[in-house]
Amino acid sequence: MLSEPRSGRLAAWGNALLAGLVSPDDAVLAIVGEDAVHRVEGLPGESAPVGLTLALGRLRALGVSGLRVALPAPGHPLGLSGPPEFNARALEAEEAVVCHGAAFGLVPEVDEAGPEGDVHVEVVWHVLPVRQAPPADVPSLGEAERELAEALREATEVLSKLDVAGSGPVAEAAIDAYRARAERGREVLAPGYPPRAVRVLELARRVGLLVSLAYGNGHGGAVSSAEMRARAEALRPVERTARRAQVAAYNAYVEERERGAR
């Protein structure tokens, strides 16, 4: 969870574009990020993959008024609403974008090539039909913020009890990289998002950082298989809370528009 999901970038900057808050060029630049290129396949009326600018314009013409994020995991269809085929594709990719206003969803297929240090990444977003229904297990921003505060305390306690050090060269490098990213770009979300969504997403990333360090920082004091299982079991709900909060933050733009329309 250290890296921003591609579905998050597509939803956030796609929403800003749909709202007229950014230009198509700026939105596409932000969505592509460090990847080489993004294309969209399966759009109605298109027989071949098209670029993001054309795709976002076509989705708007088809009635799409907002974009939501799904970050499913086995046993946890977070942000999904069906049908089974779309859910299965999204689960395999571990992420997806669900359109609001038209029954479409987009699942990324990532292709990497090239030597280490010079990897060329191309992404194809596959457009599939979705069921228009409330997304599964997505909390409100307020709920997510409260849950994250508790999860942060739990994660710290778990790591202390299991003697998983939050220091050392690997951990320090990860923390330094996180801080550098935060300092480089304070625009955590695209224009148009409420400040609370930014706070929730930043906190979710901090919790995700702790979880990632715990899983990737060796065995610590958890030398037995039983202790390693205990670590995984203790961290699993913390990780789930962070993913739920991420989705709540990315989806806040659509949720606020829906409330305003009522």
# chains A, B, ... in the order shown; residues from 1 in each chain; ligands from 1
>>> select_by_dssp(residues="segment 51-117 of chain A", states="helix (DSSP H, G or I)", output="tab-separated table (two decimals) with N, CA and C atoms, in the first residue's frame")
chain	number	residue	atom	x	y	z
A	52	LEU	N	-6.25	7.79	-23.27
A	52	LEU	CA	-7.05	8.21	-22.12
A	52	LEU	C	-7.90	9.44	-22.41
A	53	THR	N	-7.37	10.39	-23.16
A	53	THR	CA	-8.13	11.61	-23.43
A	53	THR	C	-9.43	11.29	-24.15
A	54	LEU	N	-9.32	10.51	-25.22
A	54	LEU	CA	-10.52	10.13	-25.96
A	54	LEU	C	-11.45	9.29	-25.09
A	55	ALA	N	-10.86	8.36	-24.31
A	55	ALA	CA	-11.68	7.46	-23.50
A	55	ALA	C	-12.48	8.23	-22.45
A	56	LEU	N	-11.85	9.17	-21.75
A	56	LEU	CA	-12.56	9.92	-20.72
A	56	LEU	C	-13.65	10.79	-21.34
A	57	GLY	N	-13.37	11.36	-22.51
A	57	GLY	CA	-14.40	12.12	-23.20
A	57	GLY	C	-15.57	11.25	-23.62
A	58	ARG	N	-15.27	10.04	-24.10
A	58	ARG	CA	-16.33	9.12	-24.52
A	58	ARG	C	-17.15	8.67	-23.32
A	59	LEU	N	-16.52	8.40	-22.20
A	59	LEU	CA	-17.25	7.99	-21.00
A	59	LEU	C	-18.20	9.10	-20.56
A	60	ARG	N	-17.72	10.34	-20.61
A	60	ARG	CA	-18.60	11.46	-20.26
A	60	ARG	C	-19.82	11.49	-21.19
A	61	ALA	N	-19.59	11.30	-22.49
A	61	ALA	CA	-20.69	11.31	-23.46
A	61	ALA	C	-21.66	10.16	-23.22
A	84	PRO	N	-20.47	-11.05	-11.33
A	84	PRO	CA	-19.34	-11.90	-10.98
A	84	PRO	C	-18.14	-11.78	-11.91
A	85	GLU	N	-18.38	-11.64	-13.21
A	85	GLU	CA	-17.25	-11.57	-14.14
A	85	GLU	C	-16.38	-10.34	-13.85
A	86	PHE	N	-17.03	-9.20	-13.64
A	86	PHE	CA	-16.26	-8.00	-13.34
A	86	PHE	C	-15.56	-8.14	-12.00
A	87	ASN	N	-16.26	-8.67	-11.00
A	87	ASN	CA	-15.64	-8.85	-9.68
A	87	ASN	C	-14.41	-9.73	-9.77
A	88	ALA	N	-14.50	-10.81	-10.56
A	88	ALA	CA	-13.36	-11.73	-10.69
A	88	ALA	C	-12.16	-11.04	-11.34
A	89	ARG	N	-12.41	-10.26	-12.38
A	89	ARG	CA	-11.32	-9.54	-13.05
A	89	ARG	C	-10.70	-8.51	-12.11
A	90	ALA	N	-11.54	-7.81	-11.37
A	90	ALA	CA	-11.05	-6.80	-10.43
A	90	ALA	C	-10.25	-7.45	-9.30
A	91	LEU	N	-10.71	-8.59	-8.82
A	91	LEU	CA	-10.00	-9.28	-7.75
A	91	LEU	C	-8.64	-9.75	-8.23
A	92	GLU	N	-8.57	-10.21	-9.46
A	92	GLU	CA	-7.29	-10.65	-10.01
A	92	GLU	C	-6.31	-9.47	-10.10
A	93	ALA	N	-6.81	-8.31	-10.51
A	93	ALA	CA	-5.97	-7.12	-10.63
A	93	ALA	C	-5.76	-6.43	-9.28
>>> select_by_dssp(residues="segment 53-114 of chain A", states="strand (DSSP E or B)", output="ChimeraX atom specification")
/A:66-70,73,76,96-100,104-113
>>> residues_around(residues="Arg243 of chain A", least_positions_apart="6", cutoff="9 Å", atoms="only C-alpha atoms", output="list in words")
Met1, Leu71, Pro72, Leu78, Ala204 and Gly208 of chain A
>>> residues_around(residues="Asn15 of chain A", least_positions_apart="3", cutoff="9 Å", atoms="only C-alpha atoms", output="list in words")
Leu10, Ala11, Ala12, Leu18, Ala19, Gly20, Leu21, Ser65, Gly66, Leu67, Arg68, Ala190, Pro191, Gly192, Tyr253 and Val254 of chain A
>>> closest_residue(among="A:Val188, A:Val69, A:Ala27, A:Leu80", to="Ala248 of chain A", atoms="only C-alpha atoms")
A:Val69
>>> closest_residue(among="A:Ala36, A:Val211, A:Val123, A:Val98", to="Pro135 of chain A", atoms="only C-alpha atoms")
A:Val98
>>> residues_around(residues="Arg236 of chain A", least_positions_apart="4", cutoff="12 Å", atoms="only C-alpha atoms", output="list of chain:residue names")
A:Ala73, A:Pro74, A:Gly75, A:His76, A:Ala151, A:Glu154, A:Ala155, A:Val158, A:Val207, A:Gly208, A:Val211, A:Ser212, A:Ala214, A:Tyr215, A:Arg229, A:Ala230, A:Arg231, A:Ala232, A:Arg240, A:Thr241, A:Ala242, A:Arg243
>>> write_last_selection(atoms="N, CA, C and O atoms", output="PDB file, in the first residue's frame")
ATOM      1  N   ALA A  73      -9.816  -7.731  -2.194  1.00  0.00           N
ATOM      2  CA  ALA A  73      -8.849  -8.754  -1.807  1.00  0.00           C
ATOM      3  C   ALA A  73      -9.639 -10.039  -1.577  1.00  0.00           C
ATOM      4  O   ALA A  73     -10.866 -10.008  -1.437  1.00  0.00           O
ATOM      5  N   PRO A  74      -8.969 -11.196  -1.561  1.00  0.00           N
ATOM      6  CA  PRO A  74      -9.699 -12.449  -1.338  1.00  0.00           C
ATOM      7  C   PRO A  74     -10.578 -12.387  -0.091  1.00  0.00           C
ATOM      8  O   PRO A  74     -10.117 -12.035   0.990  1.00  0.00           O
ATOM      9  N   GLY A  75     -11.856 -12.689  -0.264  1.00  0.00           N
ATOM     10  CA  GLY A  75     -12.792 -12.645   0.846  1.00  0.00           C
ATOM     11  C   GLY A  75     -13.286 -11.259   1.200  1.00  0.00           C
ATOM     12  O   GLY A  75     -14.057 -11.093   2.156  1.00  0.00           O
ATOM     13  N   HIS A  76     -12.869 -10.247   0.433  1.00  0.00           N
ATOM     14  CA  HIS A  76     -13.245  -8.869   0.766  1.00  0.00           C
ATOM     15  C   HIS A  76     -13.468  -8.084  -0.532  1.00  0.00           C
ATOM     16  O   HIS A  76     -12.543  -7.460  -1.050  1.00  0.00           O
ATOM     17  N   ALA A 151      -6.691   1.847  14.200  1.00  0.00           N
ATOM     18  CA  ALA A 151      -5.804   0.903  13.511  1.00  0.00           C
ATOM     19  C   ALA A 151      -4.342   1.287  13.686  1.00  0.00           C
ATOM     20  O   ALA A 151      -3.470   0.418  13.808  1.00  0.00           O
ATOM     21  N   GLU A 154      -3.348   0.123  17.042  1.00  0.00           N
ATOM     22  CA  GLU A 154      -3.244  -1.334  17.056  1.00  0.00           C
ATOM     23  C   GLU A 154      -1.977  -1.802  16.347  1.00  0.00           C
ATOM     24  O   GLU A 154      -1.283  -2.706  16.822  1.00  0.00           O
ATOM     25  N   ALA A 155      -1.675  -1.205  15.212  1.00  0.00           N
ATOM     26  CA  ALA A 155      -0.491  -1.611  14.457  1.00  0.00           C
ATOM     27  C   ALA A 155       0.772  -1.377  15.265  1.00  0.00           C
ATOM     28  O   ALA A 155       1.674  -2.224  15.313  1.00  0.00           O
ATOM     29  N   VAL A 158       0.933  -4.009  18.016  1.00  0.00           N
ATOM     30  CA  VAL A 158       1.258  -5.331  17.471  1.00  0.00           C
ATOM     31  C   VAL A 158       2.744  -5.438  17.164  1.00  0.00           C
ATOM     32  O   VAL A 158       3.404  -6.424  17.502  1.00  0.00           O
ATOM     33  N   VAL A 207      -0.640   4.111   7.799  1.00  0.00           N
ATOM     34  CA  VAL A 207      -0.953   2.785   8.346  1.00  0.00           C
ATOM     35  C   VAL A 207      -0.457   1.701   7.400  1.00  0.00           C
ATOM     36  O   VAL A 207       0.125   0.696   7.823  1.00  0.00           O
ATOM     37  N   GLY A 208      -0.658   1.908   6.098  1.00  0.00           N
ATOM     38  CA  GLY A 208      -0.171   0.942   5.118  1.00  0.00           C
ATOM     39  C   GLY A 208       1.328   0.801   5.155  1.00  0.00           C
ATOM     40  O   GLY A 208       1.870  -0.294   4.966  1.00  0.00           O
ATOM     41  N   VAL A 211       2.234  -1.479   8.056  1.00  0.00           N
ATOM     42  CA  VAL A 211       1.924  -2.873   7.733  1.00  0.00           C
ATOM     43  C   VAL A 211       2.961  -3.446   6.767  1.00  0.00           C
ATOM     44  O   VAL A 211       3.446  -4.573   6.937  1.00  0.00           O
ATOM     45  N   SER A 212       3.312  -2.672   5.746  1.00  0.00           N
ATOM     46  CA  SER A 212       4.299  -3.134   4.770  1.00  0.00           C
ATOM     47  C   SER A 212       5.642  -3.388   5.422  1.00  0.00           C
ATOM     48  O   SER A 212       6.330  -4.368   5.118  1.00  0.00           O
ATOM     49  N   ALA A 214       6.131  -4.188   8.510  1.00  0.00           N
ATOM     50  CA  ALA A 214       6.004  -5.366   9.366  1.00  0.00           C
ATOM     51  C   ALA A 214       6.135  -6.656   8.571  1.00  0.00           C
ATOM     52  O   ALA A 214       6.772  -7.617   8.999  1.00  0.00           O
ATOM     53  N   TYR A 215       5.528  -6.676   7.381  1.00  0.00           N
ATOM     54  CA  TYR A 215       5.595  -7.871   6.544  1.00  0.00           C
ATOM     55  C   TYR A 215       6.951  -8.025   5.867  1.00  0.00           C
ATOM     56  O   TYR A 215       7.392  -9.135   5.583  1.00  0.00           O
ATOM     57  N   ARG A 229       2.311 -16.534  12.456  1.00  0.00           N
ATOM     58  CA  ARG A 229       0.876 -16.560  12.153  1.00  0.00           C
ATOM     59  C   ARG A 229       0.142 -15.506  12.971  1.00  0.00           C
ATOM     60  O   ARG A 229      -0.779 -14.849  12.483  1.00  0.00           O
ATOM     61  N   ALA A 230       0.571 -15.358  14.239  1.00  0.00           N
ATOM     62  CA  ALA A 230      -0.063 -14.363  15.109  1.00  0.00           C
ATOM     63  C   ALA A 230       0.142 -12.961  14.550  1.00  0.00           C
ATOM     64  O   ALA A 230      -0.760 -12.123  14.588  1.00  0.00           O
ATOM     65  N   ARG A 231       1.334 -12.710  14.011  1.00  0.00           N
ATOM     66  CA  ARG A 231       1.593 -11.401  13.418  1.00  0.00           C
ATOM     67  C   ARG A 231       0.656 -11.148  12.235  1.00  0.00           C
ATOM     68  O   ARG A 231       0.041 -10.089  12.130  1.00  0.00           O
ATOM     69  N   ALA A 232       0.565 -12.142  11.347  1.00  0.00           N
ATOM     70  CA  ALA A 232      -0.276 -11.986  10.169  1.00  0.00           C
ATOM     71  C   ALA A 232      -1.736 -11.785  10.558  1.00  0.00           C
ATOM     72  O   ALA A 232      -2.431 -10.935   9.994  1.00  0.00           O
ATOM     73  N   ARG A 240      -6.848  -4.244   6.301  1.00  0.00           N
ATOM     74  CA  ARG A 240      -8.187  -4.097   5.726  1.00  0.00           C
ATOM     75  C   ARG A 240      -8.741  -2.704   6.011  1.00  0.00           C
ATOM     76  O   ARG A 240      -9.318  -2.060   5.132  1.00  0.00           O
ATOM     77  N   THR A 241      -8.538  -2.227   7.230  1.00  0.00           N
ATOM     78  CA  THR A 241      -9.004  -0.889   7.599  1.00  0.00           C
ATOM     79  C   THR A 241      -8.354   0.174   6.722  1.00  0.00           C
ATOM     80  O   THR A 241      -9.011   1.116   6.265  1.00  0.00           O
ATOM     81  N   ALA A 242      -7.060   0.027   6.466  1.00  0.00           N
ATOM     82  CA  ALA A 242      -6.359   1.005   5.632  1.00  0.00           C
ATOM     83  C   ALA A 242      -6.879   0.982   4.197  1.00  0.00           C
ATOM     84  O   ALA A 242      -7.045   2.036   3.567  1.00  0.00           O
ATOM     85  N   ARG A 243      -7.163  -0.208   3.663  1.00  0.00           N
ATOM     86  CA  ARG A 243      -7.699  -0.295   2.304  1.00  0.00           C
ATOM     87  C   ARG A 243      -9.099   0.332   2.233  1.00  0.00           C
ATOM     88  O   ARG A 243      -9.425   1.036   1.273  1.00  0.00           O
TER      89      ARG A 243
END
>>> closest_residue(among="A:Asp25, A:Pro49, A:Gly101, A:Gln246", to="Glu258 of chain A", atoms="only C-alpha atoms")
A:Gly101
>>> closest_residue(among="A:Gly51, A:Pro237, A:Pro115, A:Gly8", to="Ala249 of chain A", atoms="only C-alpha atoms")
A:Gly8
>>> closest_residue(among="A:Val28, A:Val127, A:Ala226, A:Ala70", to="Gly45 of chain A", atoms="only C-alpha atoms")
A:Val127
>>> closest_residue(among="A:Leu203, A:Ala245, A:Ile31, A:Leu17", to="Pro139 of chain A", atoms="only C-alpha atoms")
A:Ala245
>>> atom_distance(atom1="atom CA of Pro134 of chain A", atom2="atom CA of Ala96 of chain A")
15.0 Å
>>> residues_around(residues="Gln132 of chain A", least_positions_apart="5", cutoff="8 Å", atoms="only C-alpha atoms", output="list in words")
Ser81, Ala102 and Ala103 of chain A
>>> write_last_selection(atoms="all heavy atoms", output="PDB file, in the first residue's frame")
ATOM      1  N   SER A  81     -19.614  -4.145  -6.907  1.00  0.00           N
ATOM      2  CA  SER A  81     -21.064  -4.322  -6.867  1.00  0.00           C
ATOM      3  C   SER A  81     -21.536  -5.375  -7.867  1.00  0.00           C
ATOM      4  O   SER A  81     -22.733  -5.540  -8.068  1.00  0.00           O
ATOM      5  CB  SER A  81     -21.759  -2.986  -7.169  1.00  0.00           C
ATOM      6  OG  SER A  81     -21.353  -2.475  -8.432  1.00  0.00           O
ATOM      7  N   ALA A 102     -23.258   5.540 -15.405  1.00  0.00           N
ATOM      8  CA  ALA A 102     -23.357   4.576 -16.505  1.00  0.00           C
ATOM      9  C   ALA A 102     -22.751   3.272 -16.031  1.00  0.00           C
ATOM     10  O   ALA A 102     -21.817   3.261 -15.228  1.00  0.00           O
ATOM     11  CB  ALA A 102     -22.645   5.088 -17.756  1.00  0.00           C
ATOM     12  N   ALA A 103     -23.275   2.154 -16.522  1.00  0.00           N
ATOM     13  CA  ALA A 103     -22.926   0.831 -15.983  1.00  0.00           C
ATOM     14  C   ALA A 103     -21.644   0.278 -16.600  1.00  0.00           C
ATOM     15  O   ALA A 103     -21.663  -0.745 -17.302  1.00  0.00           O
ATOM     16  CB  ALA A 103     -24.082  -0.137 -16.186  1.00  0.00           C
TER      17      ALA A 103
END
>>> decode(residues="segment 45-89 of chain A", atoms="C-alpha atoms", output="CSV table (one decimal), in the first residue's frame")
chain,number,residue,atom,x,y,z
A,45,GLY,CA,-18.1,2.2,-30.5
A,46,GLU,CA,-14.4,1.5,-30.5
A,47,SER,CA,-12.9,-1.6,-32.1
A,48,ALA,CA,-9.4,-1.0,-30.9
A,49,PRO,CA,-7.7,0.5,-27.7
A,50,VAL,CA,-7.8,4.3,-27.5
A,51,GLY,CA,-5.9,6.9,-25.5
A,52,LEU,CA,-7.0,8.2,-22.1
A,53,THR,CA,-8.1,11.6,-23.4
A,54,LEU,CA,-10.5,10.1,-26.0
A,55,ALA,CA,-11.7,7.5,-23.5
A,56,LEU,CA,-12.6,9.9,-20.7
A,57,GLY,CA,-14.4,12.1,-23.2
A,58,ARG,CA,-16.3,9.1,-24.5
A,59,LEU,CA,-17.3,8.0,-21.0
A,60,ARG,CA,-18.6,11.5,-20.3
A,61,ALA,CA,-20.7,11.3,-23.5
A,62,LEU,CA,-22.0,7.9,-22.4
A,63,GLY,CA,-23.3,9.4,-19.1
A,64,VAL,CA,-20.5,8.9,-16.7
A,65,SER,CA,-20.5,11.7,-14.1
A,66,GLY,CA,-18.0,10.3,-11.6
A,67,LEU,CA,-15.5,7.5,-10.9
A,68,ARG,CA,-15.2,5.3,-7.8
A,69,VAL,CA,-12.4,3.0,-6.8
A,70,ALA,CA,-12.5,-0.7,-5.7
A,71,LEU,CA,-9.6,-2.4,-4.0
A,72,PRO,CA,-10.8,-5.9,-3.5
A,73,ALA,CA,-8.8,-8.8,-1.8
A,74,PRO,CA,-9.7,-12.4,-1.3
A,75,GLY,CA,-12.8,-12.6,0.8
A,76,HIS,CA,-13.2,-8.9,0.8
A,77,PRO,CA,-15.0,-7.4,-2.4
A,78,LEU,CA,-14.2,-3.9,-1.3
A,79,GLY,CA,-15.9,-1.3,-3.6
A,80,LEU,CA,-17.4,-3.9,-5.9
A,81,SER,CA,-21.1,-4.3,-6.9
A,82,GLY,CA,-21.0,-7.1,-9.5
A,83,PRO,CA,-21.6,-8.9,-11.7
A,84,PRO,CA,-19.3,-11.9,-11.0
A,85,GLU,CA,-17.2,-11.6,-14.1
A,86,PHE,CA,-16.3,-8.0,-13.3
A,87,ASN,CA,-15.6,-8.8,-9.7
A,88,ALA,CA,-13.4,-11.7,-10.7
A,89,ARG,CA,-11.3,-9.5,-13.0
